[in-house]
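Notes follow the structure.
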Amino acid sequence: MGPLTFVEHLNVRMDKLAKTLAIQNFGIPPSIPPAVLHIGLGQPIIQGSLVASTCQKSMSYGIHHHAMVEYVVNKWELDVNTDVNTLQDVVSWPSIAKARKRASFPFQKFISKWISEDMAIGILM
Amino acid sequence: MPLIRATVEGDVETIYLLNSSAQQSARVDTFLDSIQLEGLQTIAPAITWVTENLRTSPSIQHLVNDIANGTAVAVCDGSYFEIHGNGSSAWILSSADGSSWIEGGGIVPGPILDLNSYRCELGGLLGIGIGTACLKNLLPARRHFMLTACDNLKALWKITVARTKVKTSWKSVNFISQILDVWSQQHCQPSPQTSR
């Protein structure tokens, strides 16, 4: 392996600078930029959260997620005051999301209905 | 008239637009117009977080000449610390011999959930665009190119994508739109190359 090229040398220098800046700011949460800047797309704010990435998905999450958690809490007759927050820890939402994503379309509907206990059974089928 | 602000509400199937801004209010411009870099009057950065740690060599005239001649080099890198929930970007514009340079960097802003190494690299590419825009008044008003290098190919190719092809479903689309906007406003254009 030969010596670094000029571009690689600069890349190493920038890697070092970036790591130094990040380490100096450990424990400080990143700032939230203004929604409308002089350049680039304007960014929506939903329920106080800036949507900066994958807009449709983030907007849908911002609008529907809390409502869905509340719905499940009511459906499963959990205590609203204590269980809304703990529900997010108890239920493995990433697993459910992954299962829905990998399933065929009919099974996606099945999984949603199964989670919400809205499944047609017995004489309803 | 662009839509600036909207209030929306949704249920399981539909998103309702409840209200939207009718008038675009005049923006109060509190930014500096220009800054001094080693005796040269340059344009103030349009986005400030990328220039939080701005440093230059004792003279940047050689760098300006090399950018005009198409021999300058721009390199950036990002650093993401998932456990600590922060990420940073650093960038440099350098003359071909490395004697004259401008470098900068900062902490990548935005929601922690959206933070990843790709976003940090895009932050560095945004820094290169903003840094070059600062020198716009010193550069020739003809199209010229600058080698722009980064070790994340996926991020690197975003800097030359057509603005009309940008999709809001892309990750960190706010940074991508800012990068494309800042390059579209200057004669200098990036010539992407991987730094691996």
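Naming works like this for the structure tokens: A, B, ... for the chains as they're shown, residue 1 at the start of each chain, ligands 1 onward in shown order.
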Exercise for the section: Report as a PyMOL selection string the set of chain B residues whose atoms approach chain A to within 7 Å, with distances computed over only C-alpha atoms. Expected result: chain B and resi 9-10+75-79+84+86-91+105-111+114+168-174+177-178+181-182+195-196
Handout entry: Within 12 Å of Ala99 in chain A using only C-alpha atoms, minus same-chain residues under 6 positions, as a ChimeraX atom specification
Key = /A:92-93,105,107-112,115
All alpha helix (DSSP H) positions in range 7-71 of chain B, as a tab-separated table (two decimals) with N, CA and C atoms, in the first residue's frame:
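Writing the result to part.tsv gives the following:
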chain	number	residue	atom	x	y	z
B	61	GLN	N	-5.62	33.88	-1.15
B	61	GLN	CA	-5.61	34.33	-2.55
B	61	GLN	C	-5.25	33.19	-3.51
B	62	HIS	N	-4.28	32.36	-3.09
B	62	HIS	CA	-3.86	31.23	-3.92
B	62	HIS	C	-5.02	30.25	-4.11
B	63	LEU	N	-5.81	30.05	-3.04
B	63	LEU	CA	-6.98	29.17	-3.12
B	63	LEU	C	-8.00	29.73	-4.11
B	64	VAL	N	-8.25	31.03	-4.02
B	64	VAL	CA	-9.22	31.66	-4.93
B	64	VAL	C	-8.77	31.48	-6.38
B	65	ASN	N	-7.47	31.68	-6.63
B	65	ASN	CA	-6.93	31.51	-7.99
B	65	ASN	C	-7.12	30.06	-8.48
B	66	ASP	N	-6.85	29.11	-7.58
B	66	ASP	CA	-6.96	27.70	-7.97
B	66	ASP	C	-8.41	27.30	-8.23
B	67	ILE	N	-9.33	27.85	-7.45
B	67	ILE	CA	-10.75	27.55	-7.71
B	67	ILE	C	-11.14	28.09	-9.08
B	68	ALA	N	-10.68	29.31	-9.38
B	68	ALA	CA	-10.99	29.92	-10.68
B	68	ALA	C	-10.40	29.11	-11.83
B	69	ASN	N	-9.22	28.52	-11.59
B	69	ASN	CA	-8.55	27.73	-12.63
B	69	ASN	C	-9.01	26.28	-12.68
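Separating CA of Ser94 in chain B from CA of Ala74 in chain B is a distance of 6.2 Å.
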Exercise for the section: Please return as number ranges by chain: the residues of range 39-194 of chain B that backbone DSSP assigns to strand (DSSP E or B). Expected result: B: 40-43, 55-56, 73-81, 86-94, 101-107, 144-150, 188-194
Selected residues written out, N, CA and C atoms, as a compact mmCIF listing (two decimals), in the first residue's frame:
# COMPACT_ATOMS: atom_id res chain seq x y z
N LEU B 40 -9.69 39.62 2.67
CA LEU B 40 -10.59 39.63 1.51
C LEU B 40 -12.04 39.74 1.99
N GLN B 41 -12.79 40.61 1.31
CA GLN B 41 -14.21 40.77 1.64
C GLN B 41 -14.99 39.63 0.97
N THR B 42 -15.62 38.78 1.76
CA THR B 42 -16.38 37.66 1.18
C THR B 42 -17.83 37.71 1.65
N ILE B 43 -18.65 36.94 0.99
CA ILE B 43 -20.08 36.91 1.32
C ILE B 43 -20.29 36.07 2.59
N ARG B 55 -11.78 28.28 9.91
CA ARG B 55 -10.35 28.62 10.00
C ARG B 55 -9.81 28.76 8.58
N THR B 56 -8.78 29.57 8.43
CA THR B 56 -8.16 29.71 7.10
C THR B 56 -6.64 29.71 7.23
N VAL B 73 -9.26 21.73 -4.65
CA VAL B 73 -9.84 20.48 -4.17
C VAL B 73 -10.72 20.77 -2.95
N ALA B 74 -11.89 20.16 -2.92
CA ALA B 74 -12.78 20.28 -1.75
C ALA B 74 -13.04 18.88 -1.21
N VAL B 75 -12.85 18.71 0.09
CA VAL B 75 -13.03 17.40 0.72
C VAL B 75 -13.84 17.58 2.01
N CYS B 76 -14.70 16.62 2.29
CA CYS B 76 -15.46 16.70 3.55
C CYS B 76 -15.55 15.32 4.19
N ASP B 77 -15.92 15.33 5.45
CA ASP B 77 -16.16 14.06 6.14
C ASP B 77 -17.14 14.31 7.28
N GLY B 78 -17.84 13.26 7.65
CA GLY B 78 -18.78 13.36 8.76
C GLY B 78 -18.43 12.34 9.83
N SER B 79 -18.90 12.59 11.04
CA SER B 79 -18.65 11.66 12.14
C SER B 79 -19.93 11.51 12.95
N TYR B 80 -20.37 10.27 13.11
CA TYR B 80 -21.65 10.02 13.78
C TYR B 80 -21.43 9.13 14.99
N PHE B 81 -21.89 9.57 16.14
CA PHE B 81 -21.77 8.80 17.38
C PHE B 81 -23.19 8.44 17.84
N ASN B 86 -25.13 12.27 18.71
CA ASN B 86 -24.71 13.48 18.01
C ASN B 86 -23.82 13.13 16.81
N GLY B 87 -23.72 14.08 15.92
CA GLY B 87 -22.91 13.90 14.71
C GLY B 87 -22.36 15.24 14.28
N SER B 88 -21.28 15.18 13.54
CA SER B 88 -20.64 16.44 13.12
C SER B 88 -20.15 16.31 11.69
N SER B 89 -19.88 17.44 11.10
CA SER B 89 -19.34 17.49 9.74
C SER B 89 -18.15 18.43 9.71
N ALA B 90 -17.20 18.12 8.84
CA ALA B 90 -16.06 19.01 8.62
C ALA B 90 -15.75 19.05 7.13
N TRP B 91 -15.30 20.19 6.66
CA TRP B 91 -15.02 20.35 5.23
C TRP B 91 -13.83 21.26 5.02
N ILE B 92 -13.20 21.11 3.87
CA ILE B 92 -12.05 21.96 3.55
C ILE B 92 -12.04 22.28 2.06
N LEU B 93 -11.70 23.52 1.74
CA LEU B 93 -11.41 23.92 0.37
C LEU B 93 -9.90 24.18 0.35
N SER B 94 -9.20 23.52 -0.54
CA SER B 94 -7.74 23.65 -0.53
C SER B 94 -7.21 23.93 -1.93
N TRP B 101 -5.95 27.44 2.22
CA TRP B 101 -7.15 26.65 2.49
C TRP B 101 -8.13 27.40 3.39
N ILE B 102 -9.36 26.92 3.33
CA ILE B 102 -10.41 27.33 4.28
C ILE B 102 -11.04 26.05 4.78
N GLU B 103 -11.21 25.94 6.09
CA GLU B 103 -11.88 24.75 6.62
C GLU B 103 -12.93 25.17 7.64
N GLY B 104 -13.91 24.33 7.79
CA GLY B 104 -14.98 24.63 8.75
C GLY B 104 -15.69 23.36 9.15
N GLY B 105 -16.63 23.52 10.03
CA GLY B 105 -17.39 22.34 10.47
C GLY B 105 -18.32 22.71 11.59
N GLY B 106 -19.15 21.78 11.97
CA GLY B 106 -20.08 22.04 13.06
C GLY B 106 -20.88 20.81 13.41
N ILE B 107 -21.70 20.96 14.42
CA ILE B 107 -22.58 19.88 14.86
C ILE B 107 -23.81 19.85 13.95
N HIS B 144 -17.16 27.18 -13.95
CA HIS B 144 -15.91 26.45 -13.69
C HIS B 144 -16.20 25.36 -12.65
N PHE B 145 -15.30 24.39 -12.59
CA PHE B 145 -15.57 23.21 -11.76
C PHE B 145 -14.52 23.05 -10.66
N MET B 146 -14.95 22.42 -9.57
CA MET B 146 -14.03 22.14 -8.47
C MET B 146 -14.18 20.68 -8.05
N LEU B 147 -13.07 19.97 -7.96
CA LEU B 147 -13.11 18.58 -7.53
C LEU B 147 -13.68 18.51 -6.11
N THR B 148 -14.74 17.76 -5.93
CA THR B 148 -15.40 17.66 -4.63
C THR B 148 -15.42 16.20 -4.20
N ALA B 149 -14.74 15.91 -3.09
CA ALA B 149 -14.56 14.51 -2.68
C ALA B 149 -15.16 14.24 -1.31
N CYS B 150 -15.65 13.00 -1.20
CA CYS B 150 -16.29 12.55 0.04
C CYS B 150 -16.25 11.03 0.01
N CYS B 188 -19.40 28.43 -9.93
CA CYS B 188 -18.58 27.26 -9.61
C CYS B 188 -19.49 26.05 -9.41
N GLN B 189 -19.11 24.94 -9.99
CA GLN B 189 -19.92 23.72 -9.89
C GLN B 189 -19.07 22.57 -9.35
N PRO B 190 -19.67 21.66 -8.57
CA PRO B 190 -18.89 20.54 -8.03
C PRO B 190 -18.63 19.46 -9.07
N SER B 191 -17.44 18.89 -8.98
CA SER B 191 -17.10 17.74 -9.82
C SER B 191 -16.83 16.57 -8.87
N PRO B 192 -17.85 15.71 -8.64
CA PRO B 192 -17.72 14.71 -7.57
C PRO B 192 -16.68 13.63 -7.83
N GLN B 193 -16.01 13.26 -6.74
CA GLN B 193 -15.04 12.15 -6.80
C GLN B 193 -14.98 11.51 -5.43
N THR B 194 -14.90 10.19 -5.39
CA THR B 194 -14.81 9.52 -4.10
C THR B 194 -13.42 9.72 -3.50
